[in-house]
Amino acid sequence: PEPITRQRELMISDPNLESMLALTGAGIVGPVDELSGQVVYQVLKIERQLPDDFEEQKESYKVGIKQRLGAANMTNALAELTEPDQIDWKFESMRLMYTAMVEMNTSTDGDALADLADEVESVLLEDQRFERELVAAKYQLYKRALPLVGAERKAEIEGLMEQVLLDVLNWGDSYSIQVELANLYFDNGDNDLAANALLVAAQGLVSPTPATQANADALQAVVSIRKTESVLTDEQADEINAEILRWRAEMNEYQAEQDELNRQYEEDLAKLNEEAGPGTGEDAGSEEEASDEESTSEEAPAEGSEETTE
């Protein structure tokens, strides 16, 4: 790649470039964290020269450097203050929630994630202040850990997932969790429990939204596949599909009611406009605007004419 030139004064506020600033000559620096990822820099040479306008802009340069150094110092101080080991946590459960949030988004160590989930479980036995949030965190940690751990740890986590999913459902119904629970039961050969989980998922279809429509379509496809695999009986599949059809019928009825309300609204609006006569509603607005435009054009002086004379 072509060499690039960077001004020292523009680099001092970036803590990632401290090792580069410490160089006194050519050298290798890195890896350095950049927005695009980690980068290794090869410093070819360091030239110490003043900008052409230095004498004229000396005070401005001083102010700029002080501001950048101040911003860098504030950033570093804030980062140190927000380190988990620097925070005086009032409750252990709060620390775990924070740690879980950070690790779920950054860690790729499956065993560490699973250990953190185990820690959450042990705290839940003693502290229920944030039970709902910790239950959700435990689920997310185990789920993220599963594809990252070895076979033995994976089997251990899979053995815990049924209770983990049930704990999440204790705090509220969830279509996705019910389907995940059903798939877990199918994998374990508990087909009746799986069928019941799918039925509960179908019964939870309520809102008239595109997302619910997508869930209903996906659930119907799952039922069809599981029936073909002979893990769902005809009676179980029919019961689940009946719930899905019940929801579709309710949604069709709801949509018909909305269409009728819209039709009545348009009809009533047209009748009001008709009774009010011409010069009202949207037509009145357009006529007023036209009138304003006409008066404006009449009052405006002709181009090139003088407005005042002496």
# chains A, B, ... in the order shown; residues from 1 in each chain; ligands from 1
$ select_by_dssp --residues "stretch 128-209 of chain A" --states "alpha helix (DSSP H)" --output "MDAnalysis selection string"
chainID A and resid 131:145 151:169 175:188 191:203
$ closest_residue --among "A:Ala201, A:Val40, A:Leu232, A:Ala114" --to "A:Ala216" --atoms "only C-alpha atoms"
A:Ala201
$ residues_around --residues "stretch 41-46 of chain A" --least-positions-apart "4" --cutoff "8 Å" --atoms "only C-alpha atoms" --output "JSON, numbers by chain"
{"A": [20, 24, 25, 26, 27, 28, 29, 30, 31, 32]}
$ residues_around --residues "A:Phe130" --least-positions-apart "6" --cutoff "12 Å" --atoms "only C-alpha atoms" --output "MDAnalysis selection string"
chainID A and resid 91:98 120 123:124 136:137 171
$ residues_around --residues "A:Tyr142" --least-positions-apart "4" --cutoff "10 Å" --atoms "only C-alpha atoms" --output "JSON, numbers by chain"
{"A": [104, 110, 111, 113, 114, 115, 116, 117, 118, 137, 138, 146, 147, 154, 157, 158, 160, 161, 164]}
$ closest_residue --among "A:Glu2, A:Asp109, A:Asp238, A:Glu266" --to "A:Leu148" --atoms "only C-alpha atoms"
A:Asp109
$ residues_around --residues "A:Leu193" --least-positions-apart "5" --cutoff "12 Å" --atoms "only C-alpha atoms" --output "PyMOL selection string"
chain A and resi 162+178-179+181-188+198-200+231-232+236
$ select_by_dssp --residues "stretch 4-241 of chain A" --states "strand (DSSP E or B)" --output "ChimeraX atom specification"
/A:27-34,37-43
$ atom_distance --atom1 "atom CA of A:Ala202" --atom2 "atom CA of A:Lys227"
15.8 Å
$ atom_distance --atom1 "atom CA of A:Ala194" --atom2 "atom CA of A:Ala218"
15.8 Å
